[in-house]
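As provided, model.txt (compact mmCIF, C-alpha atoms and all ligand atoms) reads as follows.
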# COMPACT_ATOMS: atom_id res chain seq x y z
CA MET U 1 -13.36 -18.09 -15.88
CA CYS U 2 -11.30 -16.90 -12.95
CA PRO U 3 -9.29 -19.24 -10.77
CA ALA U 4 -10.64 -19.18 -7.22
CA GLU U 5 -7.63 -17.42 -5.72
CA ILE U 6 -8.22 -14.40 -7.90
CA LEU U 7 -11.64 -13.84 -6.41
CA ALA U 8 -10.57 -14.74 -2.89
CA ARG U 9 -10.39 -12.31 -0.05
CA LEU U 10 -7.03 -11.52 1.47
CA SER U 11 -6.10 -13.99 4.19
CA ALA U 12 -4.23 -12.51 7.16
CA ASP U 13 -3.14 -15.99 8.29
CA GLU U 14 -1.62 -16.84 4.95
CA LEU U 15 0.09 -13.46 4.72
CA ARG U 16 1.50 -13.77 8.25
CA ALA U 17 3.02 -17.16 7.42
CA HIS U 18 5.38 -15.43 4.98
CA PHE U 19 6.67 -12.73 7.33
CA HIS U 20 7.88 -14.45 10.51
CA ASN U 21 11.33 -12.91 10.30
CA ALA U 22 10.38 -9.65 8.67
CA LEU U 23 10.21 -6.14 10.07
CA ILE U 24 7.42 -4.93 7.79
CA GLY U 25 4.74 -7.57 8.20
CA ARG U 26 5.74 -8.83 11.67
CA GLU U 27 2.07 -8.14 12.53
CA ILE U 28 -0.61 -8.22 9.81
CA VAL U 29 -4.29 -7.38 10.19
CA VAL U 30 -6.99 -7.58 7.51
CA VAL U 31 -10.24 -5.77 8.26
CA GLU U 32 -13.37 -6.08 6.18
CA ARG U 33 -14.35 -2.42 6.21
CA THR U 34 -12.98 0.85 7.53
CA GLY U 35 -12.89 4.56 6.71
CA SER U 36 -9.19 5.04 5.92
CA THR U 37 -6.55 2.43 6.74
CA ASN U 38 -4.25 5.33 7.75
CA ASP U 39 -6.66 6.04 10.64
CA ALA U 40 -7.57 2.43 11.41
CA ILE U 41 -3.95 1.44 11.95
CA LEU U 42 -3.63 3.97 14.78
CA GLN U 43 -6.67 2.43 16.47
CA VAL U 44 -5.11 -1.03 16.28
CA ALA U 45 -1.63 0.11 17.37
CA THR U 46 -0.72 0.49 21.04
CA ALA U 47 1.92 2.77 22.54
CA ASN U 48 4.33 -0.16 22.51
CA SER U 49 3.54 -1.41 19.05
CA LYS U 50 6.71 -2.23 17.22
CA GLU U 51 7.19 -0.81 13.78
CA GLY U 52 6.12 -3.03 10.94
CA LEU U 53 2.42 -3.47 11.70
CA VAL U 54 0.44 -3.70 8.44
CA LEU U 55 -3.31 -3.19 8.14
CA PHE U 56 -5.26 -4.02 4.97
CA ALA U 57 -8.93 -3.20 4.35
CA GLU U 58 -11.08 -4.91 1.74
CA HIS U 59 -13.56 -2.05 1.83
CA GLN U 60 -12.23 1.47 2.43
CA THR U 61 -15.09 3.96 2.61
CA ALA U 62 -13.08 7.17 3.01
CA GLY U 63 -9.74 6.49 1.36
CA ARG U 64 -7.81 9.72 0.99
CA GLY U 65 -4.99 11.13 -1.03
CA GLN U 66 -2.89 14.19 -0.34
CA ARG U 67 -4.52 17.42 0.81
CA GLY U 68 -7.82 15.68 1.50
CA ARG U 69 -8.30 14.38 -2.05
CA ARG U 70 -10.42 11.27 -2.42
CA TRP U 71 -8.86 7.87 -3.16
CA GLU U 72 -11.19 5.47 -5.00
CA SER U 73 -10.98 2.05 -3.36
CA ALA U 74 -13.20 -0.46 -5.21
CA VAL U 75 -14.19 -3.20 -2.77
CA GLY U 76 -11.94 -6.27 -2.95
CA LYS U 77 -10.25 -5.12 -6.16
CA GLY U 78 -7.12 -3.40 -4.96
CA LEU U 79 -4.59 -3.46 -2.16
CA TRP U 80 -5.56 -0.75 0.31
CA PHE U 81 -3.22 -0.80 3.29
CA SER U 82 -1.11 1.13 5.77
CA ILE U 83 2.17 0.39 7.51
CA LEU U 84 3.14 1.72 10.93
CA LEU U 85 6.82 2.67 11.06
CA ARG U 86 9.32 4.38 13.33
CA PRO U 87 12.00 5.38 10.82
CA LYS U 88 15.20 7.10 11.78
CA ILE U 89 14.30 10.39 10.09
CA ASP U 90 12.90 13.80 11.08
CA ILE U 91 9.38 14.84 10.25
CA ALA U 92 10.91 16.91 7.44
CA GLY U 93 12.32 13.72 5.95
CA SER U 94 8.93 12.25 5.13
CA PRO U 95 9.34 12.78 1.35
CA ARG U 96 12.12 10.18 1.51
CA LEU U 97 9.61 7.67 2.83
CA THR U 98 7.14 8.53 0.07
CA ALA U 99 9.86 8.04 -2.56
CA TRP U 100 10.95 4.76 -0.97
CA ALA U 101 7.39 3.37 -0.99
CA ALA U 102 6.77 4.44 -4.60
CA GLU U 103 10.02 2.79 -5.70
CA ALA U 104 9.21 -0.40 -3.80
CA ILE U 105 5.77 -0.61 -5.43
CA SER U 106 7.23 0.02 -8.84
CA GLY U 107 9.97 -2.57 -8.25
CA ALA U 108 7.49 -5.21 -7.09
CA ILE U 109 5.31 -4.66 -10.17
CA GLN U 110 8.36 -4.92 -12.39
CA ASN U 111 9.57 -8.13 -10.70
CA GLU U 112 6.19 -9.84 -10.78
CA PHE U 113 4.85 -8.79 -14.17
CA SER U 114 6.22 -7.93 -17.56
CA VAL U 115 5.55 -4.20 -17.25
CA SER U 116 7.83 -1.31 -16.34
CA PRO U 117 6.07 1.35 -14.30
CA THR U 118 7.36 4.88 -13.96
CA ILE U 119 7.32 7.04 -10.87
CA LYS U 120 5.76 10.46 -11.09
CA LEU U 121 7.07 12.43 -8.16
CA PRO U 122 6.19 12.87 -5.44
CA ASN U 123 3.91 9.88 -4.92
CA ASP U 124 2.45 8.31 -8.04
CA VAL U 125 3.28 5.04 -9.77
CA GLN U 126 2.14 4.97 -13.36
CA ILE U 127 1.85 2.49 -16.22
CA ASP U 128 1.54 3.96 -19.72
CA GLY U 129 1.09 7.41 -18.17
CA ARG U 130 -1.88 6.31 -16.05
CA LYS U 131 -1.88 6.06 -12.27
CA VAL U 132 -1.79 2.52 -10.90
CA ALA U 133 -0.76 3.30 -7.31
CA GLY U 134 -0.40 6.17 -4.86
CA VAL U 135 1.33 6.73 -1.53
CA LEU U 136 0.20 8.88 1.39
CA VAL U 137 2.70 9.32 4.24
CA GLU U 138 1.45 10.90 7.46
CA MET U 139 3.86 11.47 10.36
CA ARG U 140 3.12 11.94 14.05
CA ALA U 141 5.69 13.63 16.24
CA GLN U 142 6.36 11.75 19.49
CA GLN U 143 7.91 13.21 22.60
CA ARG U 144 11.00 11.35 23.78
CA ALA U 145 10.51 8.66 21.14
CA THR U 146 11.12 8.09 17.48
CA HIS U 147 8.43 9.73 15.38
CA LEU U 148 5.64 7.57 14.04
CA ALA U 149 5.10 7.33 10.31
CA ILE U 150 1.99 5.91 8.73
CA VAL U 151 2.66 4.90 5.15
CA GLY U 152 -0.60 4.43 3.24
CA ILE U 153 -0.46 2.55 -0.05
CA GLY U 154 -3.18 2.05 -2.62
CA VAL U 155 -2.60 -0.23 -5.62
CA ASN U 156 -5.23 -0.79 -8.32
CA VAL U 157 -5.19 -4.53 -9.00
CA ASN U 158 -8.32 -6.06 -10.51
CA GLN U 159 -10.51 -3.11 -11.52
CA SER U 160 -11.99 -2.70 -14.97
CA PRO U 161 -12.33 0.83 -16.34
CA GLU U 162 -15.96 1.01 -15.22
CA ASP U 163 -14.96 0.40 -11.60
CA PHE U 164 -13.55 3.95 -11.58
CA PRO U 165 -15.63 7.14 -11.69
CA ARG U 166 -16.02 8.35 -15.25
CA GLU U 167 -13.93 11.47 -14.70
CA LEU U 168 -10.91 9.37 -13.72
CA GLN U 169 -11.18 6.68 -16.37
CA ASP U 170 -8.69 8.16 -18.82
CA ARG U 171 -6.07 8.80 -16.10
CA VAL U 172 -6.07 5.53 -14.17
CA ILE U 173 -5.15 1.89 -14.74
CA SER U 174 -5.16 -1.37 -12.78
CA LEU U 175 -2.67 -4.21 -13.08
CA ALA U 176 -5.44 -6.31 -14.64
CA MET U 177 -6.08 -3.63 -17.26
CA ALA U 178 -2.35 -3.39 -18.03
CA LEU U 179 -1.89 -7.17 -18.24
CA ASP U 180 -5.27 -8.03 -19.73
CA ARG U 181 -5.82 -10.69 -17.08
CA GLN U 182 -6.89 -10.89 -13.45
CA VAL U 183 -4.16 -10.89 -10.81
CA ASP U 184 -3.89 -12.90 -7.58
CA ARG U 185 -3.98 -10.11 -4.97
CA GLN U 186 -2.70 -12.32 -2.18
CA LYS U 187 0.37 -13.34 -4.16
CA PHE U 188 1.10 -9.78 -5.21
CA ALA U 189 0.60 -8.53 -1.62
CA ILE U 190 3.31 -10.96 -0.48
CA ALA U 191 5.71 -9.83 -3.21
CA LEU U 192 5.04 -6.17 -2.42
CA LEU U 193 5.46 -6.51 1.35
CA ARG U 194 8.69 -8.47 0.78
CA ASN U 195 10.10 -5.68 -1.37
CA LEU U 196 8.97 -3.01 1.11
CA ASP U 197 10.57 -4.94 3.98
CA ARG U 198 13.88 -5.52 2.23
CA THR U 199 14.30 -1.95 1.03
CA TYR U 200 13.05 -0.35 4.28
CA ARG U 201 15.58 -2.27 6.35
CA ALA U 202 18.36 -1.10 4.05
CA GLN U 203 17.37 2.57 4.16
CA PHE U 204 15.56 3.37 7.40
CA ALA U 205 15.51 0.69 10.06
CA ARG U 206 17.05 1.50 13.41
CA ASP U 207 18.05 -2.01 14.44
CA SER U 208 17.82 -4.19 11.39
C1 LIG R 301 -2.42 9.65 -3.57
O1 LIG R 301 -2.88 10.92 -3.38
O2 LIG R 301 -2.10 9.16 -4.62
C2 LIG R 301 -2.32 8.83 -2.29
C3 LIG R 301 -3.21 7.63 -2.33
C4 LIG R 301 -3.06 6.80 -1.10
C5 LIG R 301 -4.16 5.82 -0.98
C6 LIG R 301 -3.91 4.84 0.16
S1 LIG R 301 -5.11 3.56 0.20
C7 LIG R 301 -4.56 3.07 1.75
C8 LIG R 301 -4.27 4.34 2.53
N1 LIG R 301 -5.44 4.83 3.23
C9 LIG R 301 -5.85 6.00 2.75
O3 LIG R 301 -6.85 6.63 3.16
N2 LIG R 301 -5.01 6.41 1.77
C10 LIG R 301 -3.93 5.47 1.56
P1 LIG R 301 -2.91 12.06 -4.49
O4 LIG R 301 -1.59 12.18 -5.16
O5 LIG R 301 -3.46 13.24 -3.78
O6 LIG R 301 -3.91 11.51 -5.56
C11 LIG R 301 -5.28 11.58 -5.41
C12 LIG R 301 -5.87 11.72 -6.79
O7 LIG R 301 -5.65 10.51 -7.56
C13 LIG R 301 -7.38 11.93 -6.79
O8 LIG R 301 -7.70 13.29 -6.67
C14 LIG R 301 -7.78 11.36 -8.15
O9 LIG R 301 -7.52 12.30 -9.19
C15 LIG R 301 -6.80 10.23 -8.35
N3 LIG R 301 -7.30 8.93 -7.87
C16 LIG R 301 -8.26 8.66 -6.94
N4 LIG R 301 -8.43 7.36 -6.77
C17 LIG R 301 -7.56 6.75 -7.61
C18 LIG R 301 -7.26 5.40 -7.89
N5 LIG R 301 -7.84 4.36 -7.26
N6 LIG R 301 -6.30 5.16 -8.81
C19 LIG R 301 -5.67 6.15 -9.46
N7 LIG R 301 -5.92 7.45 -9.23
C20 LIG R 301 -6.85 7.75 -8.32

How would this structure read if it were set down as C-alpha cells?
Amino acid sequence: MCPAEILARLSADELRAHFHNALIGREIVVVERTGSTNDAILQVATANSKEGLVLFAEHQTAGRGQRGRRWESAVGKGLWFSILLRPKIDIAGSPRLTAWAAEAISGAIQNEFSVSPTIKLPNDVQIDGRKVAGVLVEMRAQQRATHLAIVGIGVNVNQSPEDFPRELQDRVISLAMALDRQVDRQKFAIALLRNLDRTYRAQFARDS
C-alpha cells in the first residue's frame, strides 16, 4: 500500500510555502497538462518576470530532449518542470547552465536517498548506467537586457519499467526502481529546488 502523499498531485501552494526567500522558486506554477514546460513557461512569463519562476506540469504531451528528441513524461510519475532564469552569462555559456543543473539534480538525489548518481556529459544523470534525469537548456537573446535561459528538467521518480516504451526500458531508471519503493514527489521537488536555488545563487545570480 502506498501512503497518500506518494500518490498525491504536486501542490503549488505547499511548494510556494518553502520558497519565500528563494530566487529559484520565488514564483511556482503547477499546470495539469501542457505540451512542453519549456514553452509553457514563456507563456506564463511577462516581460518583467523576475528570474526564478518555476513551472511544473503533471502531464507533458510533447516533452522534448536535445535536437528535437522525444522525452517520455509518464503522467504524474516524474518531475517535469522548467525554470526561467536571467544568468550572467553569454548565450555561448549555456553548457555551464546544463552542467550546473545536472550537478544539482545529482546532488539532491545523493542527499535525499542512499544512491550515488553519475553525470554523463553533457546533460544526463544516471544511476547504475541508466538515465534517471535529463536537462534541456534553451536560451533567448534579449536586446538591452540579460539573456533569458529556460532550464528544462525531467526526473523519473515513480515509474515502473513498463511505464517506459519498450525500446528504452534497458537504458532508463526511475528513483522508485533504484530504491525499490515509491518516492514522495512533493518532498523531493522541495529538496531539488532548494539545491538548485543554493547552487545557482553561488554561480550565476546577478544580485544574490
Ligand atoms: C534530455 O535530452 O535528456 C533532456 C530532457 C529534458 C526533459 C525536460 S522535461 C521538462 C522540460 N520540458 C521539456 O520539453 N523538456 C524538459 P536528450 O539528451 O536529447 O535525451 C533524449 C533521449 O533520452 C531520448 O531520445 C531517449 O533515448 C531518452 N529518453 C526519453 N525519455 C526518457 C526518460 N523519461 N528517461 C530517460 N531517458 C529518456

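The shortest atom-to-atom distance to ligand LIG 301 (chain R), with all atoms listed in the file taken into account, belongs to U:Leu84 out of U:Leu196, U:Ala191, U:Ile89, U:Leu84.
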
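Distance-wise, atom C8 of ligand LIG 301 (chain R) and CA of Phe81 (chain U) end up 5.3 Å apart.
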
Next item on the list: Would you list the contacts of region 101-114 of chain U as a VMD selection string, taking every protein, DNA or RNA residue within 6 Å and counting all atoms listed in the file, but skipping same-chain residues closer than 3 positions in sequence?
Entry: chain U and resid 98 117 192 195 to 196

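Counting all atoms listed in the file and comparing U:Phe19, U:Phe204, U:Phe56, U:Phe188, the residue that lies closest to Ser73 (chain U) is U:Phe56.
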
Next item on the list: All residues within 6 Å of ligand LIG 301 (chain R) are required, counting only C-alpha atoms and all ligand atoms; please report them as a PyMOL selection string.
Entry: chain U and resi 36-38+63-66+69-73+80-82+123-124+131-132+134-136+152-154+156+172

Those selected residues, please, written with C-alpha atoms and delivered as a short mmCIF file (atom, residue, chain, number, x, y, z; two decimals), in the coordinates of the input.
data_model
loop_
_atom_site.label_atom_id
_atom_site.label_comp_id
_atom_site.auth_asym_id
_atom_site.auth_seq_id
_atom_site.Cartn_x
_atom_site.Cartn_y
_atom_site.Cartn_z
CA SER U 36 -9.19 5.04 5.92
CA THR U 37 -6.55 2.43 6.74
CA ASN U 38 -4.25 5.33 7.75
CA GLY U 63 -9.74 6.49 1.36
CA ARG U 64 -7.81 9.72 0.99
CA GLY U 65 -4.99 11.13 -1.03
CA GLN U 66 -2.89 14.19 -0.34
CA ARG U 69 -8.30 14.38 -2.05
CA ARG U 70 -10.42 11.27 -2.42
CA TRP U 71 -8.86 7.87 -3.16
CA GLU U 72 -11.19 5.47 -5.00
CA SER U 73 -10.98 2.05 -3.36
CA TRP U 80 -5.56 -0.75 0.31
CA PHE U 81 -3.22 -0.80 3.29
CA SER U 82 -1.11 1.13 5.77
CA ASN U 123 3.91 9.88 -4.92
CA ASP U 124 2.45 8.31 -8.04
CA LYS U 131 -1.88 6.06 -12.27
CA VAL U 132 -1.79 2.52 -10.90
CA GLY U 134 -0.40 6.17 -4.86
CA VAL U 135 1.33 6.73 -1.53
CA LEU U 136 0.20 8.88 1.39
CA GLY U 152 -0.60 4.43 3.24
CA ILE U 153 -0.46 2.55 -0.05
CA GLY U 154 -3.18 2.05 -2.62
CA ASN U 156 -5.23 -0.79 -8.32
CA VAL U 172 -6.07 5.53 -14.17
#

Check: Which is closer to Asp39 (chain U) than all the others in U:Leu97, U:Ala178, U:Ala8, U:Ala57, using all atoms listed in the file?
Finding: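 Nearest candidate to Asp39 (chain U) out of U:Leu97, U:Ala178, U:Ala8, U:Ala57: U:Ala57.
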
Next item on the list: Could you tell me which of U:Lys88, U:Arg185, U:Arg16, U:Lys120 comes closest to Leu55 (chain U) if we count only C-alpha atoms?
Entry: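 The answer is U:Arg16, which sits nearest to Leu55 (chain U).
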
Checklist line | All residues 12 Å or closer to Asn48 (chain U), all atoms listed in the file, same chain fewer than 5 positions away omitted, as a list of chain:residue names | finding: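 The contact residues come out as U:Leu42, U:Leu53, U:Leu84, U:Arg86, U:Ala145, U:Thr146, U:Leu148.
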
Next item on the list: Can you work out the spacing between CA of Tyr200 (chain U) and CA of Asp90 (chain U) in Å, to one decimal?
Entry: 15.7 Å

Item checked: Residues near Ile150 (chain U), cut-off 6 Å, all atoms listed in the file, skip fewer than 2 positions along chain, as a PyMOL selection string -> chain U and resi 83-84+137-138

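Of the residues listed (U:Val151, U:Leu23, U:Leu15, U:Ala99), U:Ala99 shows the shortest atom-to-atom separation from Val125 (chain U); distances use all atoms listed in the file.
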
Margin query: Set the distance at 12 Å and use all atoms listed in the file: which residues neighbour region 26-32 of chain U once local chain neighbours fewer than 6 positions away are removed? I'd like the list as a ChimeraX atom specification.
Written below: /U:9-20,40-41,43-45,49-61,75-76,79-85,186,189-190,193-194,197

Next item on the list: Enter the distance from CA of Lys77 (chain U) to CA of Ile24 (chain U), in Å, rounded to one decimal.
Entry: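 Atom-to-atom, CA of Lys77 (chain U) to CA of Ile24 (chain U), that is 22.5 Å.
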
Put a box with edges along x, y and z around all the listed atoms of region 137-155 of chain U, pad it by 8 Å on each side, then give me its centre and sizes in Å, one decimal, as lines of an AutoDock Vina configuration file.
center_x = 4.0
center_y = 6.7
center_z = 9.1
size_x = 30.3
size_y = 29.9
size_z = 45.4

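Nearest residue to Gly25 (chain U) among U:Arg67, U:Arg198, U:Arg140, U:Arg130 is U:Arg198, counting all atoms listed in the file.
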